[in-house]
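File shown: coords17.cif. Contents: mmCIF, C-alpha atoms.
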data_data
#
loop_
_atom_site.label_atom_id
_atom_site.label_comp_id
_atom_site.auth_asym_id
_atom_site.auth_seq_id
_atom_site.Cartn_x
_atom_site.Cartn_y
_atom_site.Cartn_z
CA MET A 1 37.44 2.92 35.53
CA ILE A 2 39.29 4.07 32.42
CA PRO A 3 40.59 7.67 32.63
CA LEU A 4 38.97 10.08 30.21
CA ARG A 5 42.16 10.65 28.22
CA LEU A 6 42.73 6.91 27.78
CA SER A 7 39.12 6.20 26.77
CA ALA A 8 39.62 7.97 23.46
CA VAL A 9 42.36 5.46 22.65
CA VAL A 10 41.05 2.33 24.36
CA LEU A 11 37.49 2.45 23.03
CA PRO A 12 38.47 2.47 19.33
CA LEU A 13 40.86 -0.44 20.00
CA ILE A 14 38.07 -2.45 21.60
CA VAL A 15 35.82 -1.74 18.64
CA CYS A 16 38.51 -2.85 16.20
CA ILE A 17 38.98 -6.11 18.08
CA LEU A 18 35.30 -6.94 18.41
CA LEU A 19 34.10 -5.89 14.96
CA PRO A 20 35.16 -7.60 11.71
CA PRO A 21 36.99 -5.66 9.04
CA PHE A 22 34.96 -4.19 6.18
CA THR A 23 35.52 -2.93 2.67
CA LEU A 24 35.29 0.78 1.97
CA GLY A 25 33.44 1.80 -1.15
CA ILE A 26 31.71 4.87 -2.53
CA ARG A 27 30.68 6.12 0.90
CA SER A 28 33.13 7.11 3.62
CA PHE A 29 32.40 6.62 7.30
CA PRO A 30 33.52 9.21 9.86
CA THR A 31 35.16 8.01 13.03
CA ALA A 32 32.59 7.99 15.84
CA THR A 33 33.57 9.12 19.30
CA ALA A 34 31.65 8.25 22.45
CA ALA A 35 30.23 11.77 22.50
CA THR A 36 29.01 11.71 18.89
CA THR A 37 27.55 8.24 19.32
CA THR A 38 25.63 9.36 22.41
CA ALA A 39 24.41 12.48 20.62
CA ALA A 40 23.31 10.45 17.61
CA LEU A 41 21.41 8.01 19.80
CA HIS A 42 19.72 10.86 21.66
CA SER A 43 18.65 12.42 18.36
CA LEU A 44 17.36 9.14 16.97
CA LEU A 45 15.25 8.43 20.02
CA ARG A 46 13.42 11.75 19.77
CA PHE A 47 10.29 10.20 18.29
CA SER A 48 6.86 10.11 19.88
CA GLU A 49 5.37 6.72 20.61
CA ALA A 50 2.68 5.94 18.06
CA PRO A 51 -0.75 4.70 19.09
CA ASP A 52 -1.39 0.98 18.93
CA TYR A 53 -3.88 -0.08 16.31
CA ARG A 54 -6.47 -2.86 16.63
CA ASN A 55 -7.70 -5.19 13.92
CA GLY A 56 -11.09 -4.42 12.49
CA ALA A 57 -13.94 -6.87 12.09
CA GLY A 58 -13.27 -9.71 9.66
CA CYS A 59 -9.48 -9.81 10.07
CA LEU A 60 -7.80 -13.20 10.17
CA ALA A 61 -6.83 -14.16 13.70
CA THR A 62 -3.19 -14.35 14.74
CA THR A 63 -1.84 -16.24 17.71
CA ALA A 64 0.76 -15.59 20.38
CA THR A 65 3.11 -17.94 18.51
CA THR A 66 2.77 -16.05 15.22
CA THR A 67 5.96 -15.97 13.17
CA SER A 68 6.96 -14.17 9.99
CA ASP A 69 5.82 -17.11 7.81
CA ASP A 70 2.23 -16.98 9.11
CA PRO A 71 -0.02 -17.01 5.97
CA SER A 72 -2.33 -14.43 7.55
CA LEU A 73 0.38 -11.76 7.52
CA VAL A 74 0.99 -8.98 5.02
CA HIS A 75 4.74 -8.64 4.49
CA ILE A 76 6.24 -5.21 3.85
CA ALA A 77 9.95 -4.63 3.23
CA MET A 78 11.60 -1.24 3.75
CA THR A 79 15.12 0.05 4.24
CA LEU A 80 16.07 1.67 7.51
CA ASP A 81 18.96 4.12 7.80
CA SER A 82 19.81 7.27 9.71
CA GLY A 83 19.50 9.54 6.66
CA TYR A 84 15.92 8.59 5.82
CA LEU A 85 14.84 7.42 9.27
CA ARG A 86 12.27 10.15 9.77
CA GLY A 87 10.64 9.21 6.48
CA SER A 88 10.64 5.50 7.32
CA ILE A 89 8.93 6.09 10.66
CA ALA A 90 6.27 8.25 9.00
CA ALA A 91 5.72 5.61 6.32
CA VAL A 92 5.20 2.83 8.88
CA HIS A 93 2.87 5.06 10.85
CA SER A 94 0.78 5.79 7.74
CA VAL A 95 0.47 2.10 6.89
CA LEU A 96 -0.75 1.20 10.37
CA ARG A 97 -3.08 4.16 10.65
CA HIS A 98 -5.02 3.26 7.49
CA SER A 99 -4.88 -0.54 7.68
CA SER A 100 -8.06 -2.50 8.41
CA CYS A 101 -5.94 -5.28 9.94
CA PRO A 102 -2.81 -3.65 11.42
CA GLU A 103 -2.06 -6.64 13.66
CA ASN A 104 -1.60 -8.73 10.51
CA ILE A 105 1.22 -6.62 9.07
CA PHE A 106 4.83 -7.73 9.40
CA PHE A 107 7.61 -5.28 8.56
CA HIS A 108 11.01 -6.43 7.29
CA PHE A 109 13.52 -3.60 7.81
CA ILE A 110 16.82 -3.73 5.93
CA ALA A 111 19.58 -1.82 7.74
CA ALA A 112 23.04 -1.03 6.40
CA GLU A 113 25.90 -2.81 8.13
CA PHE A 114 27.97 0.36 8.57
CA ASP A 115 25.32 3.02 9.03
CA SER A 116 26.18 5.70 11.59
CA ALA A 117 23.23 4.34 13.56
CA SER A 118 23.86 0.64 14.13
CA PRO A 119 21.14 -1.95 13.43
CA ARG A 120 20.89 -2.45 17.20
CA ILE A 121 20.15 1.26 17.76
CA LEU A 122 17.64 1.28 14.90
CA THR A 123 15.91 -1.76 16.38
CA ARG A 124 15.60 0.02 19.74
CA LEU A 125 14.18 3.05 17.99
CA VAL A 126 11.51 1.09 16.13
CA ARG A 127 10.53 -0.77 19.28
CA SER A 128 10.28 2.43 21.33
CA THR A 129 8.19 4.15 18.66
CA PHE A 130 5.98 1.16 17.83
CA PRO A 131 6.09 -1.01 21.00
CA SER A 132 3.93 -3.82 19.65
CA LEU A 133 4.89 -3.73 15.98
CA ASN A 134 5.52 -7.03 14.19
CA PHE A 135 8.96 -6.58 12.65
CA LYS A 136 12.44 -7.91 12.06
CA VAL A 137 15.65 -6.02 11.24
CA TYR A 138 18.08 -7.54 8.75
CA ILE A 139 21.68 -6.45 8.30
CA PHE A 140 22.57 -5.70 4.68
CA ARG A 141 26.21 -6.29 3.91
CA GLU A 142 27.24 -3.40 1.72
CA ASP A 143 30.17 -5.31 0.22
CA THR A 144 27.54 -7.54 -1.42
CA VAL A 145 26.82 -4.81 -3.94
CA ILE A 146 29.27 -1.96 -3.47
CA ASN A 147 31.64 -3.11 -6.20
CA LEU A 148 28.74 -3.20 -8.66
CA ILE A 149 27.59 0.38 -8.11
CA SER A 150 28.50 3.01 -10.67
CA SER A 151 28.35 6.77 -10.19
CA SER A 152 24.99 8.48 -10.65
CA ILE A 153 23.64 11.96 -11.30
CA ARG A 154 22.88 12.39 -7.58
CA GLN A 155 25.09 11.07 -4.78
CA ALA A 156 22.15 9.81 -2.72
CA LEU A 157 21.39 7.37 -5.53
CA GLU A 158 24.77 5.71 -4.95
CA ASN A 159 23.87 4.54 -1.45
CA PRO A 160 24.29 0.72 -1.41
CA LEU A 161 21.07 0.42 0.59
CA ASN A 162 19.16 1.51 -2.54
CA TYR A 163 20.04 -1.87 -3.98
CA ALA A 164 18.81 -3.92 -1.02
CA ARG A 165 15.53 -4.62 -2.84
CA ASN A 166 17.52 -6.78 -5.28
CA TYR A 167 18.36 -9.17 -2.44
CA LEU A 168 15.01 -9.58 -0.70
CA GLY A 169 14.63 -13.07 -2.15
CA ASP A 170 17.88 -14.08 -0.42
CA MET A 171 17.45 -12.16 2.84
CA LEU A 172 13.86 -13.02 3.69
CA ASP A 173 12.98 -16.52 4.84
CA SER A 174 12.21 -18.93 1.99
CA SER A 175 8.74 -19.51 3.46
CA ILE A 176 7.79 -15.91 2.58
CA SER A 177 6.34 -16.07 -0.90
CA ARG A 178 5.28 -12.45 -1.42
CA VAL A 179 6.33 -9.03 -0.19
CA ILE A 180 5.42 -5.40 -0.79
CA TYR A 181 8.52 -3.24 -1.17
CA LEU A 182 8.11 0.43 -0.16
CA ASP A 183 10.57 3.30 -0.29
CA SER A 184 11.11 5.40 2.84
CA ASP A 185 9.76 8.65 1.34
CA ILE A 186 6.13 7.56 1.03
CA VAL A 187 2.94 7.73 3.01
CA VAL A 188 0.03 5.35 2.51
CA VAL A 189 -3.46 6.86 2.75
CA ASP A 190 -5.43 3.70 1.99
CA ASP A 191 -5.69 0.15 3.29
CA ILE A 192 -2.45 -1.65 2.38
CA HIS A 193 -4.36 -4.93 2.19
CA LYS A 194 -5.82 -3.74 -1.13
CA LEU A 195 -2.34 -3.56 -2.60
CA TRP A 196 -1.39 -6.89 -1.02
CA ASN A 197 -4.32 -8.63 -2.73
CA VAL A 198 -3.30 -7.59 -6.26
CA THR A 199 -3.03 -10.65 -8.52
CA LEU A 200 0.15 -11.10 -10.54
CA THR A 201 -1.07 -12.72 -13.76
CA GLU A 202 0.78 -14.66 -16.48
CA ASN A 203 3.57 -15.66 -14.09
CA ARG A 204 4.70 -12.07 -13.68
CA VAL A 205 7.27 -11.53 -10.96
CA ILE A 206 6.49 -7.95 -9.94
CA GLY A 207 3.55 -5.58 -10.02
CA ALA A 208 3.80 -1.77 -10.07
CA PRO A 209 2.02 1.24 -11.59
CA GLU A 210 3.25 1.74 -15.15
CA TYR A 211 3.65 5.08 -16.95
CA CYS A 212 3.69 4.32 -20.66
CA HIS A 213 3.42 7.99 -21.65
CA ALA A 214 6.88 8.69 -20.19
CA ASN A 215 9.83 8.96 -22.55
CA PHE A 216 11.38 5.57 -21.90
CA THR A 217 14.49 6.25 -24.00
CA LYS A 218 15.76 8.91 -21.58
CA TYR A 219 16.50 6.31 -18.91
CA PHE A 220 19.41 4.97 -20.99
CA THR A 221 22.34 6.56 -22.75
CA ASP A 222 22.74 7.05 -26.49
CA GLU A 223 25.49 4.45 -26.37
CA PHE A 224 22.92 1.90 -25.19
CA TRP A 225 20.36 2.68 -27.90
CA LEU A 226 23.00 2.80 -30.66
CA ASP A 227 24.25 -0.67 -29.76
CA PRO A 228 21.97 -3.12 -31.61
CA LEU A 229 22.98 -5.99 -29.35
CA LEU A 230 22.00 -4.14 -26.19
CA SER A 231 18.89 -2.32 -27.38
CA ARG A 232 17.32 -5.50 -28.71
CA VAL A 233 16.69 -6.56 -25.09
CA PHE A 234 13.40 -4.70 -25.56
CA GLY A 235 12.83 -6.11 -29.04
CA HIS A 236 9.99 -8.43 -28.03
CA ARG A 237 8.59 -6.22 -25.28
CA LYS A 238 6.69 -2.96 -25.09
CA PRO A 239 8.60 -1.36 -22.23
CA CYS A 240 6.98 1.24 -19.98
CA TYR A 241 8.56 3.20 -17.16
CA PHE A 242 7.68 2.10 -13.64
CA ASN A 243 8.93 3.37 -10.31
CA THR A 244 10.65 0.76 -8.13
CA GLY A 245 9.71 2.53 -4.89
CA VAL A 246 6.40 0.64 -4.73
CA MET A 247 6.36 -2.98 -5.89
CA VAL A 248 4.49 -6.18 -5.17
CA MET A 249 7.01 -8.99 -5.55
CA ASP A 250 6.43 -12.71 -6.00
CA LEU A 251 9.48 -14.06 -4.18
CA VAL A 252 8.90 -17.66 -5.31
CA ARG A 253 9.14 -16.69 -8.98
CA TRP A 254 11.94 -14.24 -8.15
CA ARG A 255 14.06 -16.99 -6.64
CA GLU A 256 13.22 -19.56 -9.32
CA GLY A 257 14.16 -17.11 -12.08
CA ASN A 258 17.35 -15.96 -10.32
CA TYR A 259 16.38 -12.35 -10.97
CA ARG A 260 18.98 -11.05 -8.52
CA LYS A 261 21.70 -12.33 -10.85
CA ARG A 262 19.98 -10.94 -13.93
CA ILE A 263 20.02 -7.47 -12.38
CA GLU A 264 23.63 -7.87 -11.28
CA ASN A 265 24.64 -8.80 -14.84
CA TRP A 266 23.40 -5.43 -16.10
CA MET A 267 25.16 -3.64 -13.24
CA GLU A 268 28.41 -5.38 -14.17
CA LEU A 269 28.01 -4.25 -17.78
CA GLN A 270 27.34 -0.68 -16.61
CA ARG A 271 30.69 -0.67 -14.83
CA LYS A 272 32.38 -1.45 -18.16
CA LYS A 273 30.18 0.52 -20.54
CA ARG A 274 28.06 3.51 -19.49
CA ILE A 275 24.48 2.60 -20.46
CA TYR A 276 22.43 4.56 -17.86
CA GLU A 277 22.67 7.40 -15.33
CA LEU A 278 20.07 6.77 -12.64
CA GLY A 279 21.42 4.34 -10.04
CA SER A 280 19.30 1.33 -9.08
CA LEU A 281 16.27 1.96 -11.35
CA PRO A 282 17.60 1.17 -14.87
CA PRO A 283 18.70 -2.43 -14.10
CA PHE A 284 15.12 -3.14 -12.96
CA LEU A 285 13.79 -1.61 -16.17
CA LEU A 286 16.15 -3.71 -18.27
CA VAL A 287 14.96 -6.91 -16.63
CA PHE A 288 11.25 -6.23 -16.12
CA ALA A 289 9.98 -3.33 -18.27
CA GLY A 290 7.29 -4.65 -20.58
CA ASN A 291 6.54 -7.58 -18.29
CA VAL A 292 5.09 -5.88 -15.21
CA GLU A 293 1.65 -6.37 -13.71
CA ALA A 294 0.14 -2.92 -14.16
CA ILE A 295 -1.24 -1.74 -10.80
CA ASP A 296 -3.58 1.25 -10.51
CA HIS A 297 -1.71 4.58 -10.53
CA ARG A 298 -3.33 5.52 -7.24
CA TRP A 299 -0.73 3.29 -5.54
CA ASN A 300 2.22 5.44 -6.54
CA GLN A 301 1.63 9.16 -6.87
CA HIS A 302 5.37 9.60 -7.35
CA GLY A 303 7.69 12.47 -8.23
CA LEU A 304 6.52 14.73 -5.39
CA GLY A 305 10.16 15.42 -4.49
CA GLY A 306 10.74 17.06 -7.84
CA ASP A 307 13.54 16.12 -10.22
CA ASN A 308 16.89 14.68 -9.16
CA VAL A 309 18.71 18.01 -9.51
CA ASN A 310 16.50 20.86 -8.28
CA GLY A 311 13.75 19.15 -6.28
CA VAL A 312 11.10 21.65 -7.37
CA CYS A 313 7.52 21.43 -6.13
CA ARG A 314 5.21 19.09 -8.01
CA SER A 315 1.45 18.55 -8.08
CA LEU A 316 -0.51 15.31 -7.95
CA HIS A 317 -1.27 13.31 -11.06
CA PRO A 318 -4.96 13.28 -12.05
CA GLY A 319 -7.05 10.63 -10.34
CA PRO A 320 -7.51 9.07 -6.90
CA VAL A 321 -4.65 8.69 -4.41
CA SER A 322 -3.76 5.73 -2.18
CA LEU A 323 -0.03 6.37 -1.80
CA LEU A 324 2.03 9.58 -1.95
CA HIS A 325 5.67 9.25 -2.95
CA TRP A 326 8.28 12.01 -2.60
CA SER A 327 10.69 10.48 -5.10
CA GLY A 328 13.24 12.96 -6.40
CA LYS A 329 15.63 15.26 -4.59
CA GLY A 330 13.20 17.12 -2.31
CA LYS A 331 12.07 15.38 0.88
CA PRO A 332 9.12 16.72 2.89
CA TRP A 333 10.80 16.61 6.30
CA VAL A 334 13.76 18.63 5.00
CA ARG A 335 11.61 21.26 3.36
CA LEU A 336 9.33 21.52 6.40
CA ASP A 337 12.31 21.99 8.73
CA GLU A 338 13.72 24.66 6.42
CA LYS A 339 10.35 26.47 6.48
CA LYS A 340 10.18 26.11 2.69
CA PRO A 341 7.58 23.37 2.23
CA CYS A 342 5.82 22.57 -0.99
CA PRO A 343 2.01 22.53 -0.70
CA LEU A 344 1.84 18.72 -0.80
CA ASP A 345 4.41 18.37 1.99
CA ARG A 346 1.58 19.24 4.37
CA LEU A 347 -0.02 15.90 3.47
CA TRP A 348 3.07 14.12 4.85
CA GLU A 349 3.22 16.15 8.05
CA PRO A 350 0.39 14.39 10.03
CA TYR A 351 2.36 11.12 9.97
CA ASP A 352 5.60 12.64 11.25
CA LEU A 353 6.42 11.33 14.74
CA PHE A 354 9.66 13.26 15.17
CA LYS A 355 9.67 15.58 18.20
CA PRO A 356 11.37 18.87 17.27
CA GLN A 357 12.78 21.01 20.03
CA LEU A 358 11.34 24.49 20.27
CA VAL A 359 13.06 27.37 22.02
CA ASN A 360 10.93 29.61 24.23
CA GLY A 361 11.92 33.13 25.13
CA GLY A 362 14.53 33.51 22.38
CA GLY A 363 18.20 34.37 22.79
CA ARG A 364 20.80 32.37 24.66
CA GLY A 365 18.61 32.21 27.73
CA GLY A 366 15.77 30.47 25.92
CA ILE A 367 14.35 27.26 27.33
CA THR A 368 14.32 24.22 25.08
CA ARG A 369 11.19 22.11 25.18
CA GLU A 370 9.79 19.32 23.06
CA GLN A 371 6.76 20.03 20.96
CA PRO A 372 3.74 17.99 22.10
CA TRP A 373 2.27 15.62 19.53
CA SER A 374 -1.38 14.73 19.14
CA PHE A 375 -3.83 13.03 16.81
CA SER A 376 -7.34 13.77 15.67
CA SER A 377 -10.13 11.81 17.32
CA SER A 378 -10.86 9.91 14.11
CA ILE A 379 -7.86 7.59 14.54
CA LEU A 380 -8.49 3.96 15.43
CA VAL A 381 -6.48 3.05 18.53
CA GLY A 382 -5.49 -0.55 19.21
CA TYR A 383 -2.62 -2.95 19.68
CA SER A 384 -0.55 -5.58 17.86
CA HIS A 385 1.08 -8.82 18.95
CA ASP A 386 4.72 -8.47 19.93
CA LEU A 387 6.71 -11.06 17.97
CA LEU A 388 10.20 -10.32 19.18
#
In structure tokens, write the structure found in this file.
Amino acid sequence: MIPLRLSAVVLPLIVCILLPPFTLGIRSFPTATAATTTAALHSLLRFSEAPDYRNGAGCLATTATTTSDDPSLVHIAMTLDSGYLRGSIAAVHSVLRHSSCPENIFFHFIAAEFDSASPRILTRLVRSTFPSLNFKVYIFREDTVINLISSSIRQALENPLNYARNYLGDMLDSSISRVIYLDSDIVVVDDIHKLWNVTLTENRVIGAPEYCHANFTKYFTDEFWLDPLLSRVFGHRKPCYFNTGVMVMDLVRWREGNYRKRIENWMELQRKKRIYELGSLPPFLLVFAGNVEAIDHRWNQHGLGGDNVNGVCRSLHPGPVSLLHWSGKGKPWVRLDEKKPCPLDRLWEPYDLFKPQLVNGGGRGGITREQPWSFSSSILVGYSHDLL
């Protein structure tokens, strides 16, 4: 057994030997000790186990040998990292809770290679929270994109994992022809199969709610609009703003058109000449705006996190709601924990599976206990096939 004093030296050496070197970029990574790693794992595993959900009548049957390329499956891609983990878990929970065929949903989670919570820990967390969920965790190599990222108006927008959506065509198996991409700060309050069944017409590559009333020019700098060579990219299109946090993507057309490279080309130009301020969104607008399948606005009630600077409270857009999206600086779990929630944050709260610790009795002698978690009787309980 290694003495305690030596373990602080030996353990880092073992890690250095076993793990390959990596390239540092915009983010820095604190040195993890055994104590901090254990504490992080303990914190991450403080999630209640979600109910299992059964398929409703009329769902396509799956078999025990079902794999991710089964044509009966709905494919959903999301990122998974320690910073937004609570949001991701709530998002998955909301999808399953409202799905008519939850057994037919397959989640593709993209985890950062050097997150403080390793992909292995995140996999354990997902499995413990959703024991029979159909899912796979992919490791996103940050050095794939880190040298293409330019500074943004908010540091969170510089996270390399924000750009993982650009690489879904490469990361997911070639047999997967379509995927729904969802951000981690959303909850779905409708059947996700309705979104899955949207038709992408005229060979369009992506579908998303469009907002043509928005001031499209503000997403790019004056230098961009004053350059006739650059601004003419929209010359034969009528570009409208769309939010990339909810997209239906045709991966066959994506791969055939090499859209990953098209986005990267704009990111490379941005490194040389400042043409936008908002991280991963503008390159998508440059490539796709004006050629997007317009999906009903109910599928992205976005902006609930406020703007990117102040995160002020926002209200819903007029019309029906199928998906709530806390894009912007303010996140519902943060505001709820700080006892400063916005009114709409209460709509996110029922999907939160995190188990906060409450202190009884007050003072230093208080007893810490976990808050019990329960559901209303209207929830459909069931199970899903375990694919892993």
Contacts of Leu353 of chain A within 8 Å, all atoms listed in the file, excl. fewer than 6 positions in-chain, as a ChimeraX atom specification: /A:47-50,86,89-90,373
Would you export the selected residues with C-alpha atoms as a PDB file, keeping the file's coordinate frame, please?
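Resulting contents of out.pdb:
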ATOM      1  CA  PHE A  47      10.290  10.200  18.290  1.00  0.00           C
ATOM      2  CA  SER A  48       6.860  10.110  19.880  1.00  0.00           C
ATOM      3  CA  GLU A  49       5.370   6.720  20.610  1.00  0.00           C
ATOM      4  CA  ALA A  50       2.680   5.940  18.060  1.00  0.00           C
ATOM      5  CA  ARG A  86      12.270  10.150   9.770  1.00  0.00           C
ATOM      6  CA  ILE A  89       8.930   6.090  10.660  1.00  0.00           C
ATOM      7  CA  ALA A  90       6.270   8.250   9.000  1.00  0.00           C
ATOM      8  CA  TRP A 373       2.270  15.620  19.530  1.00  0.00           C
TER       9      TRP A 373
END
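Put simply, atom CA of Thr62 of chain A is 27.5 Å away from atom CA of Arg165 of chain A.
Nearest to His302 of chain A of all the residues A:Leu251, A:Val187, A:Met267, A:Val287 is A:Val187, counting all atoms listed in the file.
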For Phe109 of chain A, find every residue with an atom within 8 Å (counting only C-alpha atoms), except residues of its own chain fewer than 3 positions away, and show them as a PDB file with C-alpha atoms, keeping the file's coordinate frame.
ATOM      1  CA  ALA A  77       9.950  -4.630   3.230  1.00  0.00           C
ATOM      2  CA  MET A  78      11.600  -1.240   3.750  1.00  0.00           C
ATOM      3  CA  THR A  79      15.120   0.050   4.240  1.00  0.00           C
ATOM      4  CA  LEU A  80      16.070   1.670   7.510  1.00  0.00           C
ATOM      5  CA  PHE A 135       8.960  -6.580  12.650  1.00  0.00           C
ATOM      6  CA  LYS A 136      12.440  -7.910  12.060  1.00  0.00           C
ATOM      7  CA  VAL A 137      15.650  -6.020  11.240  1.00  0.00           C
ATOM      8  CA  TYR A 138      18.080  -7.540   8.750  1.00  0.00           C
TER       9      TYR A 138
END
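Closest approach to Ala208 of chain A from the set A:Pro283, A:Pro71, A:Gly83, A:Gly290 is made by A:Gly290, with distances taken over only C-alpha atoms.
Within the 8 Å cut-off around His213 of chain A, using all atoms listed in the file and omitting residues fewer than 2 positions from it on the same chain, the listed residues are Tyr211, Asn215 and Cys240 of chain A.
Distances to Val189 of chain A were evaluated for A:Val292, A:Cys212, A:Val92, A:Leu323 using only C-alpha atoms, and the minimum falls at A:Leu323.
Nearest residue to Val252 of chain A among A:Asn300, A:Asn134, A:Ser327, A:Ser177 is A:Ser177, counting all atoms listed in the file.
Between atom CA of Leu182 of chain A and atom CA of Trp326 of chain A there is a distance of 11.8 Å.
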